[in-house]
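*Asks:* Provided below: query29.txt, containing compact mmCIF, C-alpha atoms.
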# COMPACT_ATOMS: atom_id res chain seq x y z
CA MET A 983 -15.35 0.44 24.25
CA ASP A 984 -17.74 -1.84 22.37
CA TRP A 985 -17.58 -1.88 18.56
CA ASN A 986 -20.49 -3.37 16.66
CA ILE A 987 -21.03 -1.13 13.65
CA ASP A 988 -22.51 -2.70 10.51
CA PRO A 989 -19.72 -2.72 7.87
CA VAL A 990 -22.33 -2.22 5.14
CA ILE A 991 -23.32 1.40 4.56
CA ILE A 992 -26.13 0.68 2.13
CA LYS A 993 -27.49 -2.40 0.37
CA LEU A 994 -28.42 -1.85 -3.25
CA PHE A 995 -29.97 -4.91 -4.85
CA GLY A 996 -29.06 -8.57 -4.85
CA ALA A 997 -25.54 -9.04 -3.53
CA LEU A 998 -24.52 -5.47 -4.38
CA GLU A 999 -23.70 -3.25 -1.42
CA ILE A 1000 -21.48 -0.36 -0.41
CA ARG A 1001 -19.18 -0.95 2.55
CA TYR A 1002 -17.09 1.43 4.62
CA TYR A 1003 -14.05 -0.61 3.57
CA SER A 1004 -14.61 -0.18 -0.17
CA LEU A 1005 -15.47 3.52 0.24
CA LEU A 1006 -12.31 4.18 2.27
CA PHE A 1007 -10.19 2.09 -0.11
CA ALA A 1008 -11.48 4.06 -3.12
CA SER A 1009 -11.05 7.40 -1.32
CA GLY A 1010 -7.44 6.58 -0.48
CA LEU A 1011 -6.67 5.60 -4.07
CA PHE A 1012 -8.37 8.71 -5.46
CA PHE A 1013 -6.32 10.94 -3.14
CA ALA A 1014 -3.08 9.28 -4.24
CA LEU A 1015 -4.05 9.52 -7.91
CA ASN A 1016 -4.88 13.21 -7.54
CA ARG A 1017 -1.57 14.11 -5.88
CA VAL A 1018 0.64 11.91 -8.05
CA SER A 1019 -1.04 13.29 -11.19
CA LYS A 1020 -0.01 16.80 -10.17
CA PHE A 1021 3.56 15.65 -9.51
CA MET A 1022 3.80 13.86 -12.86
CA LEU A 1023 2.36 16.70 -14.91
CA ALA A 1024 4.76 19.13 -13.21
CA GLU A 1025 7.64 16.86 -14.30
CA GLY A 1026 6.48 16.82 -17.91
CA TYR A 1027 4.89 13.38 -18.18
CA PRO A 1028 2.07 12.94 -20.73
CA GLU A 1029 -1.37 13.81 -19.34
CA GLU A 1030 -2.75 10.30 -19.84
CA TYR A 1031 0.02 8.57 -17.87
CA PRO A 1032 -1.28 8.93 -14.28
CA GLU A 1033 -4.69 7.33 -14.85
CA ARG A 1034 -3.23 4.56 -17.01
CA ILE A 1035 -0.53 3.87 -14.43
CA PHE A 1036 -3.06 3.65 -11.60
CA LEU A 1037 -5.18 1.22 -13.61
CA TYR A 1038 -2.16 -1.07 -13.92
CA ILE A 1039 -1.29 -0.60 -10.25
CA VAL A 1040 -4.79 -1.22 -8.84
CA ILE A 1041 -5.36 -4.39 -10.86
CA SER A 1042 -1.92 -5.79 -10.00
CA LEU A 1043 -2.27 -4.71 -6.36
CA ILE A 1044 -5.57 -6.55 -5.88
CA LEU A 1045 -4.34 -9.68 -7.66
CA GLY A 1046 -1.05 -9.73 -5.76
CA ALA A 1047 -2.68 -9.05 -2.40
CA HIS A 1048 -5.42 -11.64 -2.92
CA PHE A 1049 -3.26 -14.51 -4.09
CA THR A 1050 -0.60 -13.80 -1.45
CA HIS A 1051 -3.34 -14.00 1.17
CA LEU A 1052 -4.60 -17.31 -0.20
CA ILE A 1053 -1.13 -18.87 -0.42
CA PHE A 1054 0.21 -17.78 2.96
CA TYR A 1055 -2.94 -17.33 5.05
CA GLU A 1056 -5.60 -19.63 3.55
CA PRO A 1057 -3.81 -22.34 1.55
CA GLY A 1058 -6.74 -24.68 2.17
CA SER A 1059 -8.97 -22.45 0.05
CA LEU A 1060 -6.80 -22.75 -3.07
CA LEU A 1061 -9.03 -25.61 -4.21
CA ASN A 1062 -12.18 -23.54 -3.72
CA ILE A 1063 -12.90 -21.72 -6.98
CA LYS A 1064 -15.45 -19.39 -5.34
CA ARG A 1065 -12.88 -18.30 -2.78
CA ILE A 1066 -10.22 -17.82 -5.45
CA LEU A 1067 -12.52 -15.56 -7.45
CA ALA A 1068 -13.55 -13.49 -4.40
CA PHE A 1069 -11.01 -10.77 -5.13
CA GLY A 1070 -12.66 -8.26 -2.83
CA SER A 1071 -11.87 -10.22 0.34
CA GLY A 1072 -8.65 -11.60 1.69
CA LEU A 1073 -5.95 -9.07 0.79
CA ALA A 1074 -2.40 -9.27 2.15
CA SER A 1075 -0.47 -6.00 2.18
CA HIS A 1076 2.86 -7.72 1.42
CA GLY A 1077 1.46 -9.09 -1.83
CA GLY A 1078 -0.27 -5.80 -2.52
CA VAL A 1079 3.05 -3.93 -2.45
CA VAL A 1080 4.74 -6.44 -4.75
CA GLY A 1081 1.73 -6.46 -7.07
CA ALA A 1082 1.57 -2.66 -7.24
CA LEU A 1083 5.27 -2.39 -8.07
CA PHE A 1084 4.92 -5.08 -10.73
CA GLY A 1085 2.00 -3.21 -12.27
CA LEU A 1086 4.03 0.00 -12.41
CA TRP A 1087 7.01 -1.84 -13.90
CA LEU A 1088 4.77 -3.46 -16.52
CA PHE A 1089 3.36 -0.10 -17.56
CA CYS A 1090 6.83 1.44 -17.82
CA TYR A 1091 8.14 -1.55 -19.78
CA ARG A 1092 5.28 -1.44 -22.28
CA ASN A 1093 5.66 2.33 -22.73
CA GLU A 1094 9.47 2.39 -22.87
CA VAL A 1095 9.80 4.47 -19.71
CA SER A 1096 13.31 4.27 -18.23
CA LEU A 1097 14.10 2.60 -14.92
CA ARG A 1098 15.21 5.96 -13.52
CA SER A 1099 11.86 7.52 -14.38
CA LEU A 1100 10.07 4.49 -12.92
CA TYR A 1101 11.88 5.13 -9.65
CA GLN A 1102 10.93 8.79 -9.85
CA ILE A 1103 7.26 7.79 -10.07
CA THR A 1104 7.57 5.41 -7.11
CA ASP A 1105 8.93 8.27 -5.01
CA MET A 1106 5.90 10.39 -5.93
CA ILE A 1107 3.65 7.55 -4.79
CA ALA A 1108 5.63 7.02 -1.58
CA ALA A 1109 5.08 10.69 -0.69
CA VAL A 1110 1.31 10.22 -0.45
CA VAL A 1111 0.52 6.50 -0.19
CA GLY A 1112 0.50 6.64 3.60
CA VAL A 1113 -2.94 8.22 3.31
CA THR A 1114 -4.13 5.34 1.12
CA GLY A 1115 -2.78 2.74 3.52
CA GLY A 1116 -4.29 4.53 6.51
CA CYS A 1117 -7.71 4.59 4.83
CA ILE A 1118 -7.47 0.86 4.13
CA ARG A 1119 -6.67 0.11 7.77
CA LEU A 1120 -9.64 2.23 8.85
CA GLY A 1121 -11.70 0.07 6.51
CA ASN A 1122 -10.38 -3.03 8.30
CA PHE A 1123 -11.52 -1.45 11.57
CA PHE A 1124 -15.04 -0.95 10.24
CA ASN A 1125 -15.01 -4.59 9.08
CA SER A 1126 -13.95 -5.75 12.57
CA GLU A 1127 -11.05 -7.68 10.99
CA ILE A 1128 -7.30 -7.95 11.58
CA ILE A 1129 -8.02 -7.63 15.28
CA GLY A 1130 -5.48 -7.43 18.08
CA ARG A 1131 -4.91 -9.81 20.95
CA VAL A 1132 -6.83 -9.73 24.22
CA THR A 1133 -5.64 -6.95 26.54
CA ASP A 1134 -6.67 -4.88 29.56
CA VAL A 1135 -5.29 -1.52 28.35
CA PRO A 1136 -7.71 1.40 28.90
CA TRP A 1137 -8.23 1.94 25.16
CA ALA A 1138 -9.06 -1.71 24.45
CA ILE A 1139 -11.98 -2.31 22.09
CA THR A 1140 -14.43 -5.20 22.16
CA PHE A 1141 -15.27 -6.26 18.61
CA LEU A 1142 -18.71 -7.70 19.28
CA ARG A 1143 -18.95 -9.13 15.76
CA VAL A 1144 -15.98 -11.34 16.69
CA ASP A 1145 -16.36 -12.09 20.41
CA SER A 1146 -16.84 -10.38 23.78
CA LYS A 1147 -13.16 -9.94 24.70
CA PRO A 1148 -11.41 -6.54 24.90
CA ARG A 1149 -8.60 -6.37 22.36
CA HIS A 1150 -5.89 -4.11 20.98
CA PRO A 1151 -7.29 -2.03 18.07
CA ALA A 1152 -4.38 -3.14 15.87
CA GLN A 1153 -5.97 -1.65 12.76
CA LEU A 1154 -6.00 1.81 14.36
CA TYR A 1155 -2.36 1.49 15.42
CA GLU A 1156 -1.35 0.91 11.81
CA ALA A 1157 -3.72 3.60 10.51
CA ILE A 1158 -2.20 6.18 12.86
CA ALA A 1159 1.32 5.12 11.87
CA LEU A 1160 0.52 5.38 8.15
CA PHE A 1161 -1.18 8.77 8.40
CA THR A 1162 1.80 10.02 10.43
CA MET A 1163 4.18 8.73 7.76
CA ALA A 1164 2.19 10.61 5.11
CA ILE A 1165 2.45 13.82 7.15
CA VAL A 1166 6.23 13.37 7.35
CA PHE A 1167 6.93 12.04 3.86
CA TYR A 1168 4.96 14.59 1.86
CA PRO A 1169 6.95 17.71 2.88
CA LEU A 1170 10.18 15.66 3.02
CA TYR A 1171 9.69 14.59 -0.58
CA LEU A 1172 8.94 18.16 -1.72
CA LYS A 1173 12.08 19.43 0.00
CA GLN A 1174 14.50 16.63 -0.87
CA ARG A 1175 13.31 15.13 -4.18
CA ASP A 1176 15.95 16.91 -6.29
CA LYS A 1177 18.70 15.99 -3.84
CA ARG A 1178 18.05 12.26 -3.59
CA GLU A 1179 18.65 9.35 -5.90
CA PRO A 1180 15.31 8.25 -7.46
CA GLY A 1181 13.91 5.34 -5.48
CA PHE A 1182 15.18 6.61 -2.12
CA PHE A 1183 11.74 7.58 -0.82
CA LEU A 1184 10.18 4.33 -2.04
CA TYR A 1185 12.65 2.16 -0.15
CA LEU A 1186 12.63 4.40 2.92
CA PHE A 1187 8.84 4.27 3.13
CA LEU A 1188 8.71 0.49 2.75
CA ALA A 1189 11.52 -0.07 5.26
CA ILE A 1190 9.85 2.07 7.93
CA TYR A 1191 6.35 0.71 7.32
CA PHE A 1192 7.32 -2.94 7.47
CA VAL A 1193 9.36 -2.38 10.63
CA ILE A 1194 6.21 -0.88 12.15
CA ARG A 1195 4.17 -3.75 10.73
CA PHE A 1196 6.60 -6.26 12.29
CA LEU A 1197 6.21 -4.62 15.71
CA VAL A 1198 2.41 -4.32 15.55
CA GLU A 1199 2.17 -8.02 14.69
CA PHE A 1200 3.24 -8.81 18.27
CA ILE A 1201 -0.18 -7.70 19.48
CA LYS A 1202 -2.22 -9.06 16.53
CA GLU A 1203 -4.15 -12.30 16.54
CA TYR A 1204 -2.64 -15.07 14.43
CA GLN A 1205 -4.37 -15.09 11.05
CA SER A 1206 -2.63 -17.81 9.05
CA GLU A 1207 -3.49 -21.49 8.69
CA ILE A 1208 0.25 -22.16 8.43
CA VAL A 1209 1.58 -20.13 11.39
CA THR A 1210 -0.90 -20.65 14.22
CA SER A 1211 -1.23 -19.48 17.82
CA GLY A 1212 1.80 -20.26 19.94
CA ALA A 1213 4.38 -19.75 17.18
CA THR A 1214 7.25 -17.36 17.91
CA LEU A 1215 6.35 -15.03 15.05
CA THR A 1216 3.25 -14.47 12.96
CA MET A 1217 3.03 -14.98 9.20
CA GLY A 1218 2.98 -11.19 8.77
CA GLN A 1219 6.32 -10.98 10.57
CA TYR A 1220 7.92 -13.73 8.51
CA LEU A 1221 6.83 -11.95 5.32
CA SER A 1222 8.04 -8.57 6.62
CA ILE A 1223 11.59 -9.66 7.45
CA PRO A 1224 12.91 -10.06 3.87
CA ILE A 1225 11.24 -6.80 2.81
CA VAL A 1226 12.85 -4.88 5.68
CA ILE A 1227 16.29 -6.36 4.94
CA PHE A 1228 16.11 -5.63 1.20
CA THR A 1229 14.62 -2.13 1.46
CA GLY A 1230 16.96 -1.19 4.30
CA TYR A 1231 19.92 -2.18 2.15
CA MET A 1232 18.55 -0.20 -0.80
CA VAL A 1233 18.02 2.92 1.38
CA PHE A 1234 21.68 2.70 2.37
CA GLN A 1235 22.76 2.37 -1.27
CA LYS A 1236 20.56 5.27 -2.43
CA ALA A 1237 21.69 7.50 0.43
CA LYS A 1238 25.37 7.15 -0.50
CA ARG A 1239 24.94 9.66 -3.34
CA LYS A 1240 26.04 13.13 -2.30
CA GLU A 1241 23.51 15.91 -1.84
CA GLY A 1242 23.12 18.00 -4.97
CA GLU A 1243 24.65 15.31 -7.19
CA ILE A 1244 21.35 14.11 -8.58
CA VAL A 1245 19.52 15.73 -11.44
CA ILE A 1246 16.34 13.83 -12.28
CA PRO A 1247 15.84 13.74 -16.05
CA LYS A 1248 12.44 13.87 -17.67
CA GLU A 1249 13.29 10.92 -19.91
CA VAL A 1250 9.86 9.65 -20.80
CA LYS A 1251 8.28 8.87 -24.09
CA LYS A 1252 6.57 12.13 -25.02
CA THR A 1253 3.27 12.25 -26.82
CA PRO A 1254 3.83 14.01 -30.17
CA ALA A 1255 1.99 17.28 -30.59
CA PRO A 1256 -0.91 17.14 -33.06
CA LYS A 1257 -0.25 18.66 -36.46
CA LYS A 1258 -1.99 21.93 -37.15
CA LYS A 1259 -4.50 21.92 -39.95
CA LYS A 1260 -3.73 24.24 -42.84
Output the file's structure in the form of structure tokens.

*Replies:*
Amino acid sequence: MDWNIDPVIIKLFGALEIRYYSLLFASGLFFALNRVSKFMLAEGYPEEYPERIFLYIVISLILGAHFTHLIFYEPGSLLNIKRILAFGSGLASHGGVVGALFGLWLFCYRNEVSLRSLYQITDMIAAVVGVTGGCIRLGNFFNSEIIGRVTDVPWAITFLRVDSKPRHPAQLYEAIALFTMAIVFYPLYLKQRDKREPGFFLYLFLAIYFVIRFLVEFIKEYQSEIVTSGATLTMGQYLSIPIVIFTGYMVFQKAKRKEGEIVIPKEVKKTPAPKKKK
């Protein structure tokens, strides 16, 4: 199959344009915000928390993903101010995860939300973020980026905007995996959230995803200036290893609590009710 779709949906004026990638990215974030908002309100969090939290998360996610990409994939561009300020391109998922978690932690710290409640929120996000990640990988597919290695499998795709060689559609492999994880995690979270230690679903999601990411990297093209073609592992695999080890350990620690032992408190800073006028 040949793939040569224009990644730009519509050009507005000047350099402004709407791309499939940005539309899918925004759609994935909006879906997560919508579902997490419902979870948080049901748990008694203030109404303004979800949108404020996602503002922190999105900003930190983009910054973390962009600078991680520059440091580990394009270190030569760190002296190029235009490239540094191009936050919309060059996003590494490893840095995006760390950035998003930092943004959530920063919000909770500034609003005196407990660590236990922070973990509760991360579990809500883990229940639905597979959809967001899947949408982002579909966006990569429309951009003809993060391509796979040359192959002769029947479903190979030729990304004509890159070259004329049939390749693994690595972006679609990850998208399918992430959407599947969302289908599994959403009902699992609804069924088990009151029986698991807060943070369990966060670490479980990250452990599974980065194992999948590690495996998919075997059929991806090398993308880093540091780890080039011919190396045993790709940069994505080197970055995935510590995450898998840490999150796997944390899943084990969280799972040691007995079923039914956990009662998740609603220990958040409540917004005082307005005084009634006399």

*Asks:* If we count all atoms listed in the file and set the cut-off at 8 Å, which residues sit around region 1039-1051 of chain A, ignoring sequence neighbours fewer than 4 positions away in its own chain? Please answer as a PyMOL selection string.

*Replies:* chain A and resi 1035+1055-1056+1066+1069-1086

*Asks:* Could you tell me, as a PyMOL selection string, which residues have any atom at most 10 Å from (-0.5, -5.6, 15.4), counting all atoms listed in the file?

*Replies:* chain A and resi 1128-1131+1150-1156+1194-1204+1216+1218-1219

*Asks:* Which residue, A:Met1217, A:Tyr1191, A:Arg1017, A:Tyr1101, has the smallest gap to Gln1205 (chain A) when you use only C-alpha atoms?

*Replies:*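 Smallest distance to Gln1205 (chain A) is found for A:Met1217.
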
*Asks:* What separation in Å, quoted to one decimal, exists between CA of Val1193 (chain A) and CA of Phe1234 (chain A)?

*Replies:* 15.7 Å

*Asks:* Could you work out how far CA of Phe995 (chain A) lies from CA of Ser1059 (chain A), giving the answer in Å with one decimal?

*Replies:*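 Result for CA of Ser1059 (chain A) versus CA of Phe995 (chain A): 27.8 Å, one decimal.
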